[in-house]
file final-v3.txt (compact mmCIF, N, CA and C atoms and all ligand atoms)
# COMPACT_ATOMS: atom_id res chain seq x y z
N MET X 1 8.98 28.27 6.34
CA MET X 1 9.93 27.88 5.31
C MET X 1 10.57 26.55 5.69
N LYS X 2 10.78 25.73 4.68
CA LYS X 2 11.34 24.39 4.91
C LYS X 2 12.45 24.13 3.92
N LYS X 3 13.40 23.32 4.32
CA LYS X 3 14.38 22.81 3.36
C LYS X 3 14.07 21.36 3.07
N ILE X 4 13.95 21.05 1.77
CA ILE X 4 13.78 19.68 1.32
C ILE X 4 15.14 19.19 0.85
N GLU X 5 15.62 18.14 1.47
CA GLU X 5 16.92 17.56 1.08
C GLU X 5 16.65 16.16 0.54
N ILE X 6 16.94 16.01 -0.73
CA ILE X 6 16.69 14.73 -1.41
C ILE X 6 18.03 14.07 -1.64
N ILE X 7 18.19 12.84 -1.19
CA ILE X 7 19.41 12.08 -1.50
C ILE X 7 18.96 10.87 -2.30
N THR X 8 19.43 10.78 -3.52
CA THR X 8 18.94 9.71 -4.39
C THR X 8 19.98 9.33 -5.43
N ARG X 9 19.53 8.52 -6.40
CA ARG X 9 20.44 8.03 -7.44
C ARG X 9 20.84 9.17 -8.38
N PRO X 10 22.13 9.31 -8.69
CA PRO X 10 22.58 10.40 -9.57
C PRO X 10 21.84 10.41 -10.90
N GLU X 11 21.49 9.26 -11.42
CA GLU X 11 20.84 9.22 -12.74
C GLU X 11 19.42 9.77 -12.72
N LYS X 12 18.90 10.06 -11.52
CA LYS X 12 17.56 10.65 -11.41
C LYS X 12 17.59 12.17 -11.40
N LEU X 13 18.78 12.76 -11.37
CA LEU X 13 18.87 14.22 -11.22
C LEU X 13 18.10 14.97 -12.30
N GLU X 14 18.30 14.60 -13.56
CA GLU X 14 17.68 15.38 -14.64
C GLU X 14 16.15 15.31 -14.56
N GLU X 15 15.63 14.14 -14.28
CA GLU X 15 14.17 14.01 -14.16
C GLU X 15 13.63 14.82 -12.99
N ILE X 16 14.38 14.83 -11.89
CA ILE X 16 13.92 15.60 -10.73
C ILE X 16 13.97 17.09 -11.03
N LYS X 17 15.03 17.54 -11.69
CA LYS X 17 15.10 18.96 -12.08
C LYS X 17 13.91 19.33 -12.95
N ALA X 18 13.58 18.46 -13.90
CA ALA X 18 12.49 18.76 -14.82
C ALA X 18 11.15 18.83 -14.08
N ILE X 19 10.92 17.91 -13.16
CA ILE X 19 9.61 17.88 -12.50
C ILE X 19 9.46 19.07 -11.55
N VAL X 20 10.52 19.44 -10.84
CA VAL X 20 10.37 20.58 -9.91
C VAL X 20 10.26 21.90 -10.68
N GLU X 21 10.90 21.95 -11.85
CA GLU X 21 10.76 23.16 -12.67
C GLU X 21 9.30 23.33 -13.09
N LYS X 22 8.67 22.21 -13.48
CA LYS X 22 7.25 22.27 -13.84
C LYS X 22 6.39 22.78 -12.70
N LEU X 23 6.85 22.52 -11.47
CA LEU X 23 6.08 22.95 -10.29
C LEU X 23 6.43 24.39 -9.90
N GLY X 24 7.32 25.03 -10.69
CA GLY X 24 7.66 26.42 -10.40
C GLY X 24 8.80 26.58 -9.42
N GLN X 25 9.53 25.50 -9.19
CA GLN X 25 10.66 25.57 -8.25
C GLN X 25 11.96 25.58 -9.04
N TYR X 26 12.63 26.74 -9.05
CA TYR X 26 13.83 26.89 -9.89
C TYR X 26 15.13 26.93 -9.10
N SER X 27 15.04 27.15 -7.80
CA SER X 27 16.27 27.34 -7.01
C SER X 27 16.63 26.04 -6.30
N MET X 28 17.86 25.67 -6.41
CA MET X 28 18.30 24.45 -5.75
C MET X 28 19.81 24.44 -5.62
N THR X 29 20.30 23.62 -4.71
CA THR X 29 21.74 23.36 -4.59
C THR X 29 21.93 21.87 -4.78
N VAL X 30 22.86 21.52 -5.66
CA VAL X 30 23.08 20.10 -5.98
C VAL X 30 24.52 19.72 -5.66
N SER X 31 24.68 18.62 -4.96
CA SER X 31 26.02 18.12 -4.66
C SER X 31 26.09 16.65 -4.99
N MET X 32 27.25 16.23 -5.44
CA MET X 32 27.47 14.81 -5.60
C MET X 32 28.07 14.32 -4.27
N VAL X 33 27.48 13.30 -3.71
CA VAL X 33 27.89 12.84 -2.38
C VAL X 33 28.09 11.33 -2.40
N SER X 34 28.61 10.80 -1.31
CA SER X 34 28.72 9.35 -1.14
C SER X 34 27.93 8.97 0.09
N GLY X 35 27.29 7.83 0.03
CA GLY X 35 26.54 7.45 1.21
C GLY X 35 26.16 6.00 1.22
N CYS X 36 25.61 5.59 2.35
CA CYS X 36 25.01 4.27 2.42
C CYS X 36 23.85 4.32 3.39
N GLY X 37 22.92 3.43 3.18
CA GLY X 37 21.73 3.40 4.01
C GLY X 37 21.68 2.10 4.81
N LEU X 38 20.51 1.54 4.87
CA LEU X 38 20.27 0.34 5.68
C LEU X 38 21.19 -0.82 5.31
N GLN X 39 21.41 -0.99 3.99
CA GLN X 39 22.20 -2.13 3.55
C GLN X 39 23.67 -1.75 3.65
N LYS X 40 24.09 -1.36 4.85
CA LYS X 40 25.47 -0.88 4.94
C LYS X 40 26.39 -1.97 4.46
N GLY X 41 25.85 -3.15 4.37
CA GLY X 41 26.40 -4.17 3.51
C GLY X 41 27.64 -4.85 4.01
N ARG X 42 28.31 -5.38 3.02
CA ARG X 42 29.40 -6.25 3.40
C ARG X 42 30.59 -5.43 3.86
N LYS X 43 31.22 -5.96 4.80
CA LYS X 43 32.45 -5.35 5.28
C LYS X 43 33.56 -6.35 5.00
N GLU X 44 34.71 -5.86 4.68
CA GLU X 44 35.83 -6.75 4.43
C GLU X 44 36.98 -6.39 5.35
N VAL X 45 37.76 -7.38 5.62
CA VAL X 45 38.93 -7.11 6.44
C VAL X 45 40.08 -6.74 5.51
N TYR X 46 40.60 -5.55 5.68
CA TYR X 46 41.70 -5.07 4.85
C TYR X 46 42.90 -4.82 5.75
N ARG X 47 43.92 -5.56 5.54
CA ARG X 47 45.13 -5.46 6.37
C ARG X 47 44.78 -5.48 7.85
N GLY X 48 43.88 -6.39 8.18
CA GLY X 48 43.55 -6.58 9.60
C GLY X 48 42.57 -5.57 10.15
N VAL X 49 42.21 -4.56 9.34
CA VAL X 49 41.26 -3.55 9.82
C VAL X 49 39.95 -3.76 9.08
N GLU X 50 38.89 -3.76 9.84
CA GLU X 50 37.59 -3.92 9.18
C GLU X 50 37.19 -2.60 8.55
N VAL X 51 37.00 -2.61 7.25
CA VAL X 51 36.60 -1.36 6.59
C VAL X 51 35.28 -1.56 5.86
N SER X 52 34.51 -0.51 5.83
CA SER X 52 33.27 -0.56 5.09
C SER X 52 33.59 -0.15 3.66
N ILE X 53 33.10 -0.89 2.68
CA ILE X 53 33.50 -0.61 1.31
C ILE X 53 32.33 -0.21 0.42
N ASN X 54 31.22 0.10 1.04
CA ASN X 54 30.06 0.28 0.17
C ASN X 54 29.46 1.68 0.18
N LEU X 55 30.32 2.69 0.25
CA LEU X 55 29.80 4.04 0.06
C LEU X 55 29.52 4.23 -1.43
N LEU X 56 28.28 4.48 -1.74
CA LEU X 56 27.87 4.55 -3.14
C LEU X 56 27.65 6.00 -3.56
N PRO X 57 27.87 6.30 -4.85
CA PRO X 57 27.61 7.66 -5.31
C PRO X 57 26.11 7.99 -5.28
N LYS X 58 25.82 9.13 -4.73
CA LYS X 58 24.42 9.61 -4.66
C LYS X 58 24.43 11.09 -5.02
N VAL X 59 23.27 11.61 -5.35
CA VAL X 59 23.15 13.04 -5.56
C VAL X 59 22.31 13.61 -4.41
N LYS X 60 22.73 14.81 -3.94
CA LYS X 60 21.96 15.51 -2.90
C LYS X 60 21.41 16.80 -3.50
N ILE X 61 20.11 16.94 -3.41
CA ILE X 61 19.45 18.13 -3.96
C ILE X 61 18.77 18.84 -2.80
N GLU X 62 19.14 20.11 -2.61
CA GLU X 62 18.56 20.88 -1.51
C GLU X 62 17.74 22.04 -2.08
N MET X 63 16.51 22.17 -1.57
CA MET X 63 15.65 23.27 -2.01
C MET X 63 14.97 23.86 -0.78
N VAL X 64 15.04 25.17 -0.65
CA VAL X 64 14.29 25.85 0.41
C VAL X 64 13.02 26.40 -0.22
N VAL X 65 11.89 26.06 0.38
CA VAL X 65 10.58 26.36 -0.21
C VAL X 65 9.61 26.83 0.87
N GLY X 66 8.52 27.43 0.44
CA GLY X 66 7.44 27.73 1.38
C GLY X 66 6.85 26.44 1.91
N ALA X 67 6.42 26.44 3.15
CA ALA X 67 5.92 25.21 3.79
C ALA X 67 4.76 24.60 3.01
N ASP X 68 4.00 25.44 2.32
CA ASP X 68 2.83 24.95 1.58
C ASP X 68 3.20 24.13 0.35
N LYS X 69 4.45 24.22 -0.09
CA LYS X 69 4.86 23.50 -1.30
C LYS X 69 5.47 22.12 -1.01
N VAL X 70 5.74 21.85 0.25
CA VAL X 70 6.54 20.66 0.59
C VAL X 70 5.90 19.37 0.10
N ASP X 71 4.63 19.18 0.41
CA ASP X 71 3.98 17.90 0.07
C ASP X 71 3.94 17.68 -1.44
N MET X 72 3.62 18.75 -2.18
CA MET X 72 3.52 18.64 -3.64
C MET X 72 4.88 18.26 -4.24
N ILE X 73 5.93 18.89 -3.76
CA ILE X 73 7.26 18.59 -4.29
C ILE X 73 7.66 17.16 -3.94
N ILE X 74 7.45 16.77 -2.71
CA ILE X 74 7.83 15.42 -2.29
C ILE X 74 7.07 14.37 -3.10
N ASP X 75 5.77 14.55 -3.28
CA ASP X 75 4.97 13.57 -4.04
C ASP X 75 5.50 13.41 -5.46
N ASN X 76 5.82 14.53 -6.09
CA ASN X 76 6.28 14.49 -7.48
C ASN X 76 7.69 13.93 -7.60
N VAL X 77 8.55 14.27 -6.66
CA VAL X 77 9.91 13.73 -6.70
C VAL X 77 9.86 12.21 -6.49
N CYS X 78 9.04 11.77 -5.56
CA CYS X 78 8.93 10.31 -5.33
C CYS X 78 8.46 9.61 -6.59
N LYS X 79 7.54 10.22 -7.32
CA LYS X 79 7.03 9.59 -8.54
C LYS X 79 8.15 9.33 -9.54
N VAL X 80 9.07 10.27 -9.69
CA VAL X 80 10.12 10.06 -10.70
C VAL X 80 11.33 9.31 -10.14
N ALA X 81 11.55 9.37 -8.83
CA ALA X 81 12.78 8.78 -8.29
C ALA X 81 12.59 7.35 -7.80
N GLN X 82 11.34 6.91 -7.70
CA GLN X 82 11.09 5.58 -7.12
C GLN X 82 11.27 4.49 -8.17
N THR X 83 12.21 3.58 -7.90
CA THR X 83 12.33 2.38 -8.74
C THR X 83 11.77 1.17 -8.02
N GLY X 84 11.68 1.27 -6.70
CA GLY X 84 11.23 0.13 -5.89
C GLY X 84 12.38 -0.74 -5.41
N GLU X 85 13.59 -0.44 -5.92
CA GLU X 85 14.78 -1.19 -5.49
C GLU X 85 15.41 -0.49 -4.30
N VAL X 86 16.16 -1.25 -3.50
CA VAL X 86 16.87 -0.61 -2.39
C VAL X 86 17.82 0.43 -2.95
N GLY X 87 18.02 1.51 -2.18
CA GLY X 87 18.92 2.57 -2.64
C GLY X 87 18.23 3.71 -3.35
N ASP X 88 16.90 3.69 -3.40
CA ASP X 88 16.18 4.80 -4.04
C ASP X 88 16.44 6.12 -3.33
N GLY X 89 16.74 6.05 -2.04
CA GLY X 89 17.13 7.27 -1.34
C GLY X 89 16.13 7.73 -0.31
N LYS X 90 16.35 8.95 0.16
CA LYS X 90 15.54 9.51 1.25
C LYS X 90 15.31 10.98 1.00
N ILE X 91 14.28 11.47 1.63
CA ILE X 91 14.01 12.91 1.62
C ILE X 91 13.92 13.36 3.08
N PHE X 92 14.72 14.34 3.43
CA PHE X 92 14.68 14.91 4.77
C PHE X 92 14.10 16.32 4.67
N VAL X 93 13.27 16.68 5.63
CA VAL X 93 12.66 18.02 5.63
C VAL X 93 13.08 18.74 6.92
N TYR X 94 13.61 19.95 6.75
CA TYR X 94 14.10 20.74 7.88
C TYR X 94 13.30 22.05 7.97
N ASN X 95 13.16 22.54 9.19
CA ASN X 95 12.66 23.90 9.38
C ASN X 95 13.77 24.91 9.05
N ILE X 96 13.40 25.98 8.39
CA ILE X 96 14.37 27.03 8.06
C ILE X 96 14.00 28.29 8.85
N GLU X 97 14.95 28.80 9.60
CA GLU X 97 14.73 29.97 10.45
C GLU X 97 14.61 31.25 9.65
N GLU X 98 15.49 31.40 8.70
CA GLU X 98 15.57 32.70 8.02
C GLU X 98 16.23 32.53 6.66
N VAL X 99 15.85 33.39 5.74
CA VAL X 99 16.48 33.45 4.43
C VAL X 99 16.76 34.92 4.14
N VAL X 100 17.94 35.21 3.66
CA VAL X 100 18.30 36.58 3.30
C VAL X 100 18.79 36.58 1.86
N ARG X 101 18.17 37.41 1.02
CA ARG X 101 18.72 37.60 -0.33
C ARG X 101 19.78 38.69 -0.23
N ILE X 102 21.02 38.30 -0.46
CA ILE X 102 22.14 39.22 -0.21
C ILE X 102 22.04 40.45 -1.10
N ARG X 103 21.63 40.26 -2.36
CA ARG X 103 21.60 41.40 -3.30
C ARG X 103 20.72 42.55 -2.81
N THR X 104 19.59 42.21 -2.20
CA THR X 104 18.62 43.25 -1.85
C THR X 104 18.43 43.44 -0.34
N GLY X 105 18.90 42.47 0.43
CA GLY X 105 18.65 42.52 1.86
C GLY X 105 17.29 42.00 2.27
N GLU X 106 16.48 41.57 1.26
CA GLU X 106 15.15 41.03 1.60
C GLU X 106 15.30 39.81 2.51
N LYS X 107 14.30 39.66 3.39
CA LYS X 107 14.33 38.54 4.34
C LYS X 107 13.02 37.78 4.31
N GLY X 108 13.07 36.52 4.75
CA GLY X 108 11.87 35.71 4.88
C GLY X 108 11.40 35.14 3.56
N THR X 109 10.10 34.85 3.47
CA THR X 109 9.58 34.13 2.31
C THR X 109 9.80 34.90 0.99
N VAL X 110 9.81 36.23 1.03
CA VAL X 110 10.04 36.97 -0.22
C VAL X 110 11.46 36.76 -0.73
N ALA X 111 12.35 36.32 0.15
CA ALA X 111 13.74 36.12 -0.25
C ALA X 111 14.00 34.72 -0.79
N ILE X 112 13.00 33.82 -0.67
CA ILE X 112 13.19 32.46 -1.18
C ILE X 112 13.35 32.51 -2.68
N1 LIG H 201 19.51 7.91 8.11
C1 LIG H 201 20.24 8.49 7.15
N2 LIG H 201 21.06 9.50 7.46
C2 LIG H 201 21.81 10.11 6.51
N3 LIG H 201 21.81 9.75 5.23
C3 LIG H 201 21.00 8.75 4.87
C4 LIG H 201 20.18 8.06 5.80
N4 LIG H 201 19.51 7.10 5.17
C5 LIG H 201 19.88 7.20 3.87
N5 LIG H 201 20.78 8.17 3.70
C6 LIG H 201 21.42 8.57 2.47
O1 LIG H 201 20.56 8.19 1.39
C7 LIG H 201 21.22 7.30 0.51
C8 LIG H 201 20.26 6.28 0.01
O2 LIG H 201 19.71 5.59 1.12
P1 LIG H 201 18.90 4.26 0.88
O3 LIG H 201 17.88 4.52 -0.16
O4 LIG H 201 19.85 3.14 0.64
O5 LIG H 201 18.19 4.16 2.30
P2 LIG H 201 17.71 2.83 3.03
O6 LIG H 201 17.21 3.25 4.38
O7 LIG H 201 18.81 1.83 2.99
O8 LIG H 201 16.46 2.38 2.17
P3 LIG H 201 16.39 1.14 1.14
O9 LIG H 201 16.14 -0.06 2.00
O10 LIG H 201 15.26 1.47 0.23
O11 LIG H 201 17.71 1.10 0.42
C9 LIG H 201 22.37 6.77 1.32
O12 LIG H 201 23.43 6.36 0.47
C10 LIG H 201 22.75 7.93 2.20
O13 LIG H 201 23.54 8.84 1.46
MG MG H 202 19.63 1.18 1.20
call {"tool": "encode", "arguments": {"input": "final-v3.txt", "output": "structure tokens"}}
result
Amino acid sequence: MKKIEIITRPEKLEEIKAIVEKLGQYSMTVSMVSGCGLQKGRKEVYRGVEVSINLLPKVKIEMVVGADKVDMIIDNVCKVAQTGEVGDGKIFVYNIEEVVRIRTGEKGTVAI
């Protein structure tokens, strides 16, 4: 089991939801987050303290899936989320130790 964590432009959320639904992936956790990547960008001096001012709004989409689905989901998400401009985002993949469906007590892949 793997967790796919996608951090990308908020305006891509609906398209990403639609494409993963087509792939049979219905479960996800979505958060609105702030972040910055390589272009941590310009810093300004504010009252003598150097502050970073470029935390941009991003959306974080987390999905726990069977390991066999990871490549297919990543390929399709990249297709809809890629603009080619900086800030398109990143996808992180984590190993997942265990999943428990609280309602039934089921564990492992059947609980995904
Ligand atoms: N190494 C990282 N660790 C944690 N979060 C990251 C990391 N890289 C990117 N992010 C998150 O992803 C968002 C988008 O990153 P971004 O696409 O700007 O990455 P980048 O490495 O700067 O690539 P690009 O040059 O295409 O902009 C960031 O705002 C941040 O929330
Ligand atoms: Mg960037």
call {"tool": "atom_distance", "arguments": {"input": "final-v3.txt", "atom1": "CA of Ala81 (chain X)", "atom2": "atom N2 of ligand LIG 201 (chain H)"}}
result
17.8 Å
call {"tool": "closest_residue", "arguments": {"input": "final-v3.txt", "among": "X:Lys3, X:Lys79, X:Lys107, X:Arg101", "to": "Ile61 (chain X)", "atoms": "only N, CA and C atoms"}}
result
X:Lys3
call {"tool": "residues_near_ligand", "arguments": {"input": "final-v3.txt", "ligand": "ligand MG 202 (chain H)", "cutoff": "6 Å", "atoms": "only C-alpha atoms and all ligand atoms", "output": "PyMOL selection string"}}
result
chain X and resi 37-39+86-87
call {"tool": "residues_around", "arguments": {"input": "final-v3.txt", "residues": "Leu55 (chain X)", "least_positions_apart": "3", "cutoff": "7 Å", "atoms": "all atoms listed in the file", "output": "MDAnalysis selection string"}}
result
chainID X and resid 34:36 52 58
call {"tool": "atom_distance", "arguments": {"input": "final-v3.txt", "atom1": "atom C of Asp71 (chain X)", "atom2": "atom C of Val93 (chain X)"}}
result
12.4 Å
call {"tool": "decode", "arguments": {"input": "final-v3.txt", "residues": "region 58-78 of chain X", "atoms": "N, CA, C and O atoms", "output": "PDB file, in the first residue's frame"}}
result
ATOM      1  N   LYS X  58      -1.669  26.379  -2.451  1.00  0.00           N
ATOM      2  CA  LYS X  58      -1.594  25.108  -3.199  1.00  0.00           C
ATOM      3  C   LYS X  58      -2.662  24.180  -2.640  1.00  0.00           C
ATOM      4  O   LYS X  58      -3.157  24.383  -1.529  1.00  0.00           O
ATOM      5  N   VAL X  59      -2.983  23.149  -3.386  1.00  0.00           N
ATOM      6  CA  VAL X  59      -3.877  22.125  -2.878  1.00  0.00           C
ATOM      7  C   VAL X  59      -3.063  20.855  -2.654  1.00  0.00           C
ATOM      8  O   VAL X  59      -2.154  20.554  -3.427  1.00  0.00           O
ATOM      9  N   LYS X  60      -3.380  20.157  -1.541  1.00  0.00           N
ATOM     10  CA  LYS X  60      -2.727  18.872  -1.253  1.00  0.00           C
ATOM     11  C   LYS X  60      -3.785  17.781  -1.311  1.00  0.00           C
ATOM     12  O   LYS X  60      -4.807  17.874  -0.632  1.00  0.00           O
ATOM     13  N   ILE X  61      -3.533  16.800  -2.142  1.00  0.00           N
ATOM     14  CA  ILE X  61      -4.477  15.688  -2.316  1.00  0.00           C
ATOM     15  C   ILE X  61      -3.753  14.413  -1.902  1.00  0.00           C
ATOM     16  O   ILE X  61      -2.693  14.097  -2.451  1.00  0.00           O
ATOM     17  N   GLU X  62      -4.327  13.720  -0.921  1.00  0.00           N
ATOM     18  CA  GLU X  62      -3.708  12.486  -0.437  1.00  0.00           C
ATOM     19  C   GLU X  62      -4.620  11.301  -0.735  1.00  0.00           C
ATOM     20  O   GLU X  62      -5.812  11.360  -0.434  1.00  0.00           O
ATOM     21  N   MET X  63      -4.023  10.258  -1.322  1.00  0.00           N
ATOM     22  CA  MET X  63      -4.793   9.050  -1.624  1.00  0.00           C
ATOM     23  C   MET X  63      -3.948   7.842  -1.232  1.00  0.00           C
ATOM     24  O   MET X  63      -2.780   7.753  -1.637  1.00  0.00           O
ATOM     25  N   VAL X  64      -4.538   6.936  -0.483  1.00  0.00           N
ATOM     26  CA  VAL X  64      -3.864   5.667  -0.186  1.00  0.00           C
ATOM     27  C   VAL X  64      -4.419   4.626  -1.144  1.00  0.00           C
ATOM     28  O   VAL X  64      -5.642   4.463  -1.269  1.00  0.00           O
ATOM     29  N   VAL X  65      -3.519   3.955  -1.842  1.00  0.00           N
ATOM     30  CA  VAL X  65      -3.914   3.048  -2.931  1.00  0.00           C
ATOM     31  C   VAL X  65      -3.061   1.781  -2.883  1.00  0.00           C
ATOM     32  O   VAL X  65      -2.002   1.762  -2.242  1.00  0.00           O
ATOM     33  N   GLY X  66      -3.515   0.763  -3.597  1.00  0.00           N
ATOM     34  CA  GLY X  66      -2.685  -0.416  -3.778  1.00  0.00           C
ATOM     35  C   GLY X  66      -1.452  -0.057  -4.586  1.00  0.00           C
ATOM     36  O   GLY X  66      -1.511   0.801  -5.485  1.00  0.00           O
ATOM     37  N   ALA X  67      -0.335  -0.695  -4.297  1.00  0.00           N
ATOM     38  CA  ALA X  67       0.933  -0.340  -4.953  1.00  0.00           C
ATOM     39  C   ALA X  67       0.839  -0.453  -6.473  1.00  0.00           C
ATOM     40  O   ALA X  67       1.502   0.287  -7.200  1.00  0.00           O
ATOM     41  N   ASP X  68      -0.025  -1.352  -6.948  1.00  0.00           N
ATOM     42  CA  ASP X  68      -0.142  -1.565  -8.393  1.00  0.00           C
ATOM     43  C   ASP X  68      -0.814  -0.402  -9.114  1.00  0.00           C
ATOM     44  O   ASP X  68      -0.748  -0.316 -10.334  1.00  0.00           O
ATOM     45  N   LYS X  69      -1.467   0.483  -8.376  1.00  0.00           N
ATOM     46  CA  LYS X  69      -2.178   1.602  -9.015  1.00  0.00           C
ATOM     47  C   LYS X  69      -1.338   2.878  -9.105  1.00  0.00           C
ATOM     48  O   LYS X  69      -1.759   3.851  -9.738  1.00  0.00           O
ATOM     49  N   VAL X  70      -0.209   2.891  -8.430  1.00  0.00           N
ATOM     50  CA  VAL X  70       0.535   4.150  -8.265  1.00  0.00           C
ATOM     51  C   VAL X  70       0.932   4.767  -9.599  1.00  0.00           C
ATOM     52  O   VAL X  70       0.670   5.942  -9.860  1.00  0.00           O
ATOM     53  N   ASP X  71       1.541   3.983 -10.471  1.00  0.00           N
ATOM     54  CA  ASP X  71       2.058   4.548 -11.732  1.00  0.00           C
ATOM     55  C   ASP X  71       0.930   5.096 -12.595  1.00  0.00           C
ATOM     56  O   ASP X  71       1.050   6.177 -13.181  1.00  0.00           O
ATOM     57  N   MET X  72      -0.178   4.349 -12.662  1.00  0.00           N
ATOM     58  CA  MET X  72      -1.310   4.770 -13.490  1.00  0.00           C
ATOM     59  C   MET X  72      -1.881   6.104 -12.983  1.00  0.00           C
ATOM     60  O   MET X  72      -2.164   7.020 -13.770  1.00  0.00           O
ATOM     61  N   ILE X  73      -2.019   6.218 -11.672  1.00  0.00           N
ATOM     62  CA  ILE X  73      -2.571   7.453 -11.114  1.00  0.00           C
ATOM     63  C   ILE X  73      -1.609   8.616 -11.344  1.00  0.00           C
ATOM     64  O   ILE X  73      -2.014   9.700 -11.789  1.00  0.00           O
ATOM     65  N   ILE X  74      -0.343   8.396 -11.097  1.00  0.00           N
ATOM     66  CA  ILE X  74       0.637   9.474 -11.279  1.00  0.00           C
ATOM     67  C   ILE X  74       0.661   9.941 -12.740  1.00  0.00           C
ATOM     68  O   ILE X  74       0.649  11.145 -13.022  1.00  0.00           O
ATOM     69  N   ASP X  75       0.673   9.007 -13.681  1.00  0.00           N
ATOM     70  CA  ASP X  75       0.722   9.383 -15.103  1.00  0.00           C
ATOM     71  C   ASP X  75      -0.478  10.243 -15.481  1.00  0.00           C
ATOM     72  O   ASP X  75      -0.343  11.253 -16.186  1.00  0.00           O
ATOM     73  N   ASN X  76      -1.654   9.847 -15.009  1.00  0.00           N
ATOM     74  CA  ASN X  76      -2.871  10.575 -15.368  1.00  0.00           C
ATOM     75  C   ASN X  76      -2.962  11.929 -14.676  1.00  0.00           C
ATOM     76  O   ASN X  76      -3.409  12.913 -15.274  1.00  0.00           O
ATOM     77  N   VAL X  77      -2.525  11.986 -13.427  1.00  0.00           N
ATOM     78  CA  VAL X  77      -2.546  13.272 -12.720  1.00  0.00           C
ATOM     79  C   VAL X  77      -1.568  14.243 -13.396  1.00  0.00           C
ATOM     80  O   VAL X  77      -1.882  15.421 -13.599  1.00  0.00           O
ATOM     81  N   CYS X  78      -0.408  13.745 -13.762  1.00  0.00           N
ATOM     82  CA  CYS X  78       0.568  14.625 -14.440  1.00  0.00           C
ATOM     83  C   CYS X  78      -0.019  15.167 -15.738  1.00  0.00           C
ATOM     84  O   CYS X  78       0.177  16.345 -16.069  1.00  0.00           O
TER      85      CYS X  78
END
